[in-house]
>>> print(open('protein_18.csv').read())   # CSV, C-alpha atoms
chain,number,residue,atom,x,y,z
A,1,MET,CA,11.8,-3.6,-19.1
A,2,LYS,CA,11.1,-7.3,-18.5
A,3,ASN,CA,7.5,-8.4,-19.0
A,4,VAL,CA,6.6,-10.6,-16.1
A,5,SER,CA,3.1,-12.1,-16.5
A,6,GLY,CA,1.5,-8.9,-17.9
A,7,SER,CA,3.5,-6.4,-15.8
A,8,HIS,CA,6.5,-4.4,-16.9
A,9,LEU,CA,9.3,-4.9,-14.4
A,10,LYS,CA,12.8,-3.4,-14.7
A,11,LYS,CA,15.7,-4.2,-12.5
A,12,VAL,CA,17.6,-0.9,-12.3
A,13,ALA,CA,20.5,-1.9,-10.1
A,14,GLU,CA,22.0,-4.5,-7.7
A,15,ALA,CA,24.9,-4.5,-5.3
A,16,ASP,CA,26.4,-6.1,-2.2
A,17,PHE,CA,24.6,-4.9,0.9
A,18,PRO,CA,26.2,-5.7,4.3
A,19,THR,CA,23.9,-5.0,7.3
A,20,GLN,CA,24.0,-5.6,11.0
A,21,PHE,CA,21.8,-8.6,10.3
A,22,GLY,CA,24.1,-10.1,7.7
A,23,ALA,CA,25.3,-9.9,4.1
A,24,PHE,CA,22.5,-9.3,1.6
A,25,ARG,CA,22.3,-8.5,-2.1
A,26,ILE,CA,20.2,-5.4,-2.7
A,27,TYR,CA,18.1,-4.9,-5.9
A,28,GLY,CA,16.3,-1.9,-7.1
A,29,PHE,CA,13.1,-2.4,-9.2
A,30,GLU,CA,10.7,-0.3,-11.2
A,31,GLY,CA,7.3,-1.5,-12.2
A,32,ARG,CA,4.7,0.0,-14.5
A,33,TRP,CA,1.1,-0.8,-15.0
A,34,GLY,CA,-0.5,1.6,-17.5
A,35,ASP,CA,0.1,5.1,-16.2
A,36,ARG,CA,1.0,3.9,-12.7
A,37,ALA,CA,4.7,3.4,-11.8
A,38,GLU,CA,6.1,2.0,-8.6
A,39,GLU,CA,9.5,1.4,-7.1
A,40,ALA,CA,10.7,-1.1,-4.6
A,41,VAL,CA,13.9,-2.6,-3.3
A,42,ALA,CA,14.6,-6.3,-2.5
A,43,LEU,CA,17.1,-7.7,-0.1
A,44,LYS,CA,18.1,-11.2,-1.0
A,45,MET,CA,20.2,-13.5,1.2
A,46,GLY,CA,21.5,-16.9,0.0
A,47,ASP,CA,20.3,-19.2,-2.8
A,48,LEU,CA,16.5,-18.9,-3.0
A,49,ALA,CA,16.3,-22.0,-5.2
A,50,ALA,CA,18.1,-24.3,-2.8
A,51,GLY,CA,16.2,-26.1,-0.1
A,52,PRO,CA,12.6,-25.6,1.1
A,53,PRO,CA,10.5,-22.5,0.2
A,54,PRO,CA,12.4,-19.4,1.5
A,55,LEU,CA,11.2,-16.9,4.0
A,56,VAL,CA,9.7,-13.8,2.3
A,57,ARG,CA,8.6,-10.5,3.9
A,58,ILE,CA,6.7,-7.9,1.9
A,59,HIS,CA,7.2,-4.7,3.9
A,60,SER,CA,5.6,-1.3,3.3
A,61,GLN,CA,7.7,1.8,3.8
A,62,CYS,CA,7.1,3.5,7.2
A,63,LEU,CA,9.4,6.5,7.7
A,64,THR,CA,8.1,7.1,11.2
A,65,GLY,CA,8.6,3.6,12.3
A,66,ASP,CA,11.5,2.2,10.2
A,67,VAL,CA,13.7,5.3,10.5
A,68,PHE,CA,12.5,7.2,13.6
A,69,HIS,CA,11.6,4.1,15.6
A,70,SER,CA,8.1,5.3,16.3
A,71,LEU,CA,6.2,3.3,18.9
A,72,ARG,CA,2.8,4.2,17.5
A,73,CYS,CA,3.0,1.2,15.1
A,74,ASP,CA,4.7,-2.2,14.9
A,75,CYS,CA,6.5,-1.6,11.5
A,76,ARG,CA,10.1,-1.3,12.7
A,77,ALA,CA,9.6,-4.3,15.0
A,78,GLN,CA,8.3,-6.4,12.1
A,79,LEU,CA,11.1,-5.3,9.8
A,80,GLU,CA,13.7,-6.3,12.4
A,81,ILE,CA,11.9,-9.6,13.1
A,82,ALA,CA,11.9,-10.4,9.4
A,83,LEU,CA,15.6,-9.5,8.8
A,84,THR,CA,16.6,-11.5,11.9
A,85,SER,CA,14.6,-14.5,10.8
A,86,ILE,CA,16.0,-14.5,7.3
A,87,ALA,CA,19.5,-14.1,8.6
A,88,ARG,CA,19.0,-17.0,11.0
A,89,GLU,CA,18.1,-19.3,8.1
A,90,GLY,CA,20.8,-17.8,5.9
A,91,ARG,CA,18.4,-17.3,3.0
A,92,GLY,CA,15.3,-15.4,2.1
A,93,LEU,CA,13.9,-12.2,0.5
A,94,LEU,CA,12.6,-9.0,1.9
A,95,ILE,CA,10.7,-6.7,-0.5
A,96,TYR,CA,10.4,-3.1,0.6
A,97,GLU,CA,7.6,-1.2,-1.1
A,98,GLN,CA,7.1,2.6,-1.2
A,99,GLN,CA,3.6,2.4,0.2
A,100,GLU,CA,3.8,4.8,3.1
A,101,GLY,CA,0.8,4.9,5.4
A,102,ARG,CA,-0.8,1.8,3.8
A,103,GLY,CA,-0.8,3.7,0.5
A,104,ILE,CA,-2.0,7.2,1.6
A,105,GLY,CA,1.5,8.9,1.7
A,106,LEU,CA,3.6,10.4,4.4
A,107,LEU,CA,1.8,13.7,4.9
A,108,ASN,CA,-1.6,12.2,4.9
A,109,LYS,CA,-0.3,9.6,7.4
A,110,LEU,CA,0.7,12.5,9.7
A,111,ARG,CA,-2.8,14.0,9.2
A,112,ALA,CA,-4.2,10.6,10.3
A,113,TYR,CA,-2.0,10.7,13.4
A,114,GLU,CA,-3.5,14.1,14.2
A,115,LEU,CA,-7.0,12.6,14.0
A,116,GLN,CA,-5.9,9.6,16.1
A,117,ASP,CA,-4.7,12.0,18.8
A,118,GLN,CA,-8.3,13.3,18.8
A,119,GLY,CA,-9.8,9.8,19.4
A,120,ALA,CA,-10.1,8.2,15.9
A,121,ASP,CA,-8.6,4.8,15.4
A,122,THR,CA,-6.3,4.1,12.4
A,123,VAL,CA,-9.2,3.0,10.1
A,124,GLU,CA,-11.5,5.9,11.1
A,125,ALA,CA,-8.7,8.4,10.6
A,126,ASN,CA,-8.1,7.2,7.0
A,127,GLU,CA,-11.8,7.2,6.2
A,128,ARG,CA,-12.2,10.8,7.5
A,129,LEU,CA,-9.4,11.9,5.2
A,130,GLY,CA,-11.4,10.3,2.3
A,131,PHE,CA,-9.3,7.1,1.9
A,132,ASP,CA,-10.0,3.4,2.3
A,133,SER,CA,-8.4,1.8,5.3
A,134,ASP,CA,-5.8,0.2,3.1
A,135,LEU,CA,-4.9,1.4,-0.4
A,136,ARG,CA,-1.8,-0.8,-1.0
A,137,SER,CA,-1.3,-2.7,-4.2
A,138,TYR,CA,0.8,-5.9,-4.3
A,139,GLN,CA,1.3,-6.1,-8.1
A,140,LEU,CA,5.0,-5.1,-7.8
A,141,PRO,CA,5.9,-7.5,-5.1
A,142,GLY,CA,4.2,-10.3,-7.1
A,143,ALA,CA,6.3,-9.4,-10.1
A,144,ILE,CA,9.5,-9.4,-8.1
A,145,LEU,CA,8.7,-12.8,-6.7
A,146,ARG,CA,8.3,-14.1,-10.2
A,147,TYR,CA,11.5,-12.3,-11.3
A,148,PHE,CA,13.4,-14.5,-8.7
A,149,GLY,CA,11.7,-17.6,-10.0
A,150,LEU,CA,9.9,-18.3,-6.8
A,151,LYS,CA,6.9,-20.6,-7.0
A,152,GLN,CA,6.6,-21.3,-3.3
A,153,VAL,CA,7.3,-19.1,-0.2
A,154,ARG,CA,6.9,-19.0,3.5
A,155,LEU,CA,5.4,-15.6,4.1
A,156,LEU,CA,6.3,-13.5,7.1
A,157,SER,CA,3.1,-11.7,7.7
A,158,ASN,CA,0.1,-11.2,10.0
A,159,ASN,CA,-2.0,-9.9,7.1
A,160,PRO,CA,-4.2,-12.4,5.3
A,161,GLU,CA,-4.6,-10.0,2.4
A,162,LYS,CA,-0.9,-10.3,1.7
A,163,VAL,CA,-1.2,-14.1,1.6
A,164,GLU,CA,-4.1,-13.7,-0.8
A,165,ALA,CA,-2.1,-11.2,-3.0
A,166,VAL,CA,0.9,-13.5,-3.2
A,167,GLU,CA,-1.3,-16.4,-4.2
A,168,LYS,CA,-3.0,-14.3,-6.9
A,169,ALA,CA,0.5,-13.5,-8.2
A,170,GLY,CA,0.9,-17.3,-8.9
A,171,VAL,CA,3.2,-18.0,-5.9
A,172,ALA,CA,2.0,-20.6,-3.4
A,173,VAL,CA,2.3,-19.7,0.3
A,174,THR,CA,3.2,-22.9,1.9
A,175,GLU,CA,3.2,-21.3,5.4
A,176,ARG,CA,2.2,-18.0,6.9
A,177,VAL,CA,4.9,-17.2,9.5
A,178,PRO,CA,3.7,-14.9,12.3
A,179,CYS,CA,5.6,-11.6,12.6
A,180,LEU,CA,4.4,-10.5,16.1
A,181,ALA,CA,5.8,-7.4,17.8
A,182,ASP,CA,5.6,-6.8,21.5
A,183,VAL,CA,2.4,-5.2,22.7
A,184,LEU,CA,3.4,-1.9,24.1
A,185,ASP,CA,1.0,0.7,25.7
A,186,SER,CA,1.8,3.1,22.9
A,187,ARG,CA,0.7,0.7,20.1
A,188,GLU,CA,-1.9,-1.5,21.9
A,189,ALA,CA,-4.9,0.4,20.4
A,190,TYR,CA,-3.3,0.3,17.0
A,191,LEU,CA,-2.8,-3.4,17.1
A,192,ARG,CA,-6.3,-4.0,18.4
A,193,THR,CA,-7.7,-2.1,15.5
A,194,LYS,CA,-5.6,-4.1,13.0
A,195,ARG,CA,-6.9,-7.3,14.6
A,196,GLU,CA,-10.6,-6.4,15.1
A,197,ARG,CA,-11.2,-4.1,12.1
A,198,MET,CA,-8.7,-5.2,9.5
A,199,GLY,CA,-8.5,-8.9,10.1
A,200,HIS,CA,-4.9,-9.1,10.9
A,201,LEU,CA,-4.0,-12.4,12.7
A,202,LEU,CA,-2.7,-11.1,16.0
A,203,ASP,CA,-2.7,-12.8,19.4
A,204,GLU,CA,-5.3,-11.8,22.0
A,205,PHE,CA,-4.1,-9.2,24.5
>>> encode(input="protein_18.csv", output="structure tokens")
Amino acid sequence: MKNVSGSHLKKVAEADFPTQFGAFRIYGFEGRWGDRAEEAVALKMGDLAAGPPPLVRIHSQCLTGDVFHSLRCDCRAQLEIALTSIAREGRGLLIYEQQEGRGIGLLNKLRAYELQDQGADTVEANERLGFDSDLRSYQLPGAILRYFGLKQVRLLSNNPEKVEAVEKAGVAVTERVPCLADVLDSREAYLRTKRERMGHLLDEF
């Protein structure tokens, strides 16, 4: 494992990765902090060191949105916006973390959905299950950014906590680039809760 500023980061594989958005290079990473281990993949396009700070998206796994195209959340939409934006510029990095349900796991996320169907918002549902509203850690993405030698990035995110996490990792965020999904009836309450209770920087609607 490679020690990256106190973390233990291991690149386990890399390969060419053609997608409908363009040609990427895909990397698999393992990170370990004490007894805690995490995995993530990174999709890199172009030369990250050439030109201005590259676009970067740190995306948390969302099986229901990313795979099944759920309209309860904006995850799939944000993923597509990020990949399209990176492809348009011809360079950038997307880090995909295994942090399902903002860190509570897939089955607990489905339990949270059940509570939301009964009237709870996304924050209340997590809290009723005994969790904080957001349990995600950004140590692994920070280590991956340092692995690629990035000192400055333009971060595709609506979440100010991600900006803060990247800065804490020693990488300057020169610009926060909004990643705004369409406001659909099925996700309006979810987006309003993210804006009003979690501080996400979303437009008024």
>>> residues_around(input="protein_18.csv", residues="Val173 in chain A", least_positions_apart="3", cutoff="12 Å", atoms="all atoms listed in the file", output="list of chain:residue names")
A:Pro52, A:Pro53, A:Pro54, A:Leu55, A:Val56, A:Arg57, A:Leu145, A:Leu150, A:Lys151, A:Gln152, A:Val153, A:Arg154, A:Leu155, A:Leu156, A:Ser157, A:Pro160, A:Lys162, A:Val163, A:Glu164, A:Ala165, A:Val166, A:Glu167, A:Lys168, A:Ala169, A:Gly170, A:Arg176, A:Val177
>>> closest_residue(input="protein_18.csv", among="A:Ala50, A:Ala37, A:Glu89, A:Lys109", to="Gly65 in chain A", atoms="all atoms listed in the file")
A:Lys109
>>> atom_distance(input="protein_18.csv", atom1="CA of Asp182 in chain A", atom2="CA of Gly92 in chain A")
23.3 Å
>>> atom_distance(input="protein_18.csv", atom1="CA of Met45 in chain A", atom2="CA of Gly149 in chain A")
14.6 Å
>>> closest_residue(input="protein_18.csv", among="A:Asn108, A:Gly31, A:Leu93, A:Leu180", to="Thr122 in chain A", atoms="all atoms listed in the file")
A:Asn108
>>> atom_distance(input="protein_18.csv", atom1="CA of Asp47 in chain A", atom2="CA of Arg25 in chain A")
10.9 Å
>>> closest_residue(input="protein_18.csv", among="A:Leu43, A:Ile26, A:Gly142, A:Cys179", to="Gln78 in chain A", atoms="all atoms listed in the file")
A:Cys179
>>> residues_around(input="protein_18.csv", residues="Arg36 in chain A", least_positions_apart="2", cutoff="12 Å", atoms="all atoms listed in the file", output="ChimeraX atom specification")
/A:7-8,30-34,38-39,137,139-140
>>> residues_around(input="protein_18.csv", residues="Tyr190 in chain A", least_positions_apart="2", cutoff="12 Å", atoms="all atoms listed in the file", output="ChimeraX atom specification")
/A:71-75,113,116-117,119-125,181,183-188,192-198,200,202
>>> write_last_selection(input="protein_18.csv", atoms="C-alpha atoms", output="PDB file, keeping the file's coordinate frame")
ATOM      1  CA  LEU A  71       6.200   3.300  18.900  1.00  0.00           C
ATOM      2  CA  ARG A  72       2.800   4.200  17.500  1.00  0.00           C
ATOM      3  CA  CYS A  73       3.000   1.200  15.100  1.00  0.00           C
ATOM      4  CA  ASP A  74       4.700  -2.200  14.900  1.00  0.00           C
ATOM      5  CA  CYS A  75       6.500  -1.600  11.500  1.00  0.00           C
ATOM      6  CA  TYR A 113      -2.000  10.700  13.400  1.00  0.00           C
ATOM      7  CA  GLN A 116      -5.900   9.600  16.100  1.00  0.00           C
ATOM      8  CA  ASP A 117      -4.700  12.000  18.800  1.00  0.00           C
ATOM      9  CA  GLY A 119      -9.800   9.800  19.400  1.00  0.00           C
ATOM     10  CA  ALA A 120     -10.100   8.200  15.900  1.00  0.00           C
ATOM     11  CA  ASP A 121      -8.600   4.800  15.400  1.00  0.00           C
ATOM     12  CA  THR A 122      -6.300   4.100  12.400  1.00  0.00           C
ATOM     13  CA  VAL A 123      -9.200   3.000  10.100  1.00  0.00           C
ATOM     14  CA  GLU A 124     -11.500   5.900  11.100  1.00  0.00           C
ATOM     15  CA  ALA A 125      -8.700   8.400  10.600  1.00  0.00           C
ATOM     16  CA  ALA A 181       5.800  -7.400  17.800  1.00  0.00           C
ATOM     17  CA  VAL A 183       2.400  -5.200  22.700  1.00  0.00           C
ATOM     18  CA  LEU A 184       3.400  -1.900  24.100  1.00  0.00           C
ATOM     19  CA  ASP A 185       1.000   0.700  25.700  1.00  0.00           C
ATOM     20  CA  SER A 186       1.800   3.100  22.900  1.00  0.00           C
ATOM     21  CA  ARG A 187       0.700   0.700  20.100  1.00  0.00           C
ATOM     22  CA  GLU A 188      -1.900  -1.500  21.900  1.00  0.00           C
ATOM     23  CA  ARG A 192      -6.300  -4.000  18.400  1.00  0.00           C
ATOM     24  CA  THR A 193      -7.700  -2.100  15.500  1.00  0.00           C
ATOM     25  CA  LYS A 194      -5.600  -4.100  13.000  1.00  0.00           C
ATOM     26  CA  ARG A 195      -6.900  -7.300  14.600  1.00  0.00           C
ATOM     27  CA  GLU A 196     -10.600  -6.400  15.100  1.00  0.00           C
ATOM     28  CA  ARG A 197     -11.200  -4.100  12.100  1.00  0.00           C
ATOM     29  CA  MET A 198      -8.700  -5.200   9.500  1.00  0.00           C
ATOM     30  CA  HIS A 200      -4.900  -9.100  10.900  1.00  0.00           C
ATOM     31  CA  LEU A 202      -2.700 -11.100  16.000  1.00  0.00           C
TER      32      LEU A 202
END
>>> closest_residue(input="protein_18.csv", among="A:Thr84, A:Gln99, A:Asn159, A:Asn126", to="Phe21 in chain A", atoms="all atoms listed in the file")
A:Thr84
>>> closest_residue(input="protein_18.csv", among="A:Glu114, A:Asp35, A:Glu100, A:Glu80", to="Thr64 in chain A", atoms="all atoms listed in the file")
A:Glu100
>>> residues_near_point(input="protein_18.csv", point="(10.4, -5.4, -1.9)", cutoff="7 Å", atoms="all atoms listed in the file", output="number ranges by chain")
A: 40-42, 58-59, 94-97, 141
>>> write_last_selection(input="protein_18.csv", atoms="C-alpha atoms", output="short mmCIF file (atom, residue, chain, number, x, y, z; two decimals), in the frame of the given file")
data_model
loop_
_atom_site.label_atom_id
_atom_site.label_comp_id
_atom_site.auth_asym_id
_atom_site.auth_seq_id
_atom_site.Cartn_x
_atom_site.Cartn_y
_atom_site.Cartn_z
CA ALA A 40 10.70 -1.10 -4.60
CA VAL A 41 13.90 -2.60 -3.30
CA ALA A 42 14.60 -6.30 -2.50
CA ILE A 58 6.70 -7.90 1.90
CA HIS A 59 7.20 -4.70 3.90
CA LEU A 94 12.60 -9.00 1.90
CA ILE A 95 10.70 -6.70 -0.50
CA TYR A 96 10.40 -3.10 0.60
CA GLU A 97 7.60 -1.20 -1.10
CA PRO A 141 5.90 -7.50 -5.10
#
>>> residues_near_point(input="protein_18.csv", point="(22.1, -16.7, 4.6)", cutoff="10 Å", atoms="only C-alpha atoms", output="list in words")
Phe21, Gly22, Ala23, Phe24, Lys44, Met45, Gly46, Asp47, Leu48, Ser85, Ile86, Ala87, Arg88, Glu89, Gly90, Arg91 and Gly92 of chain A
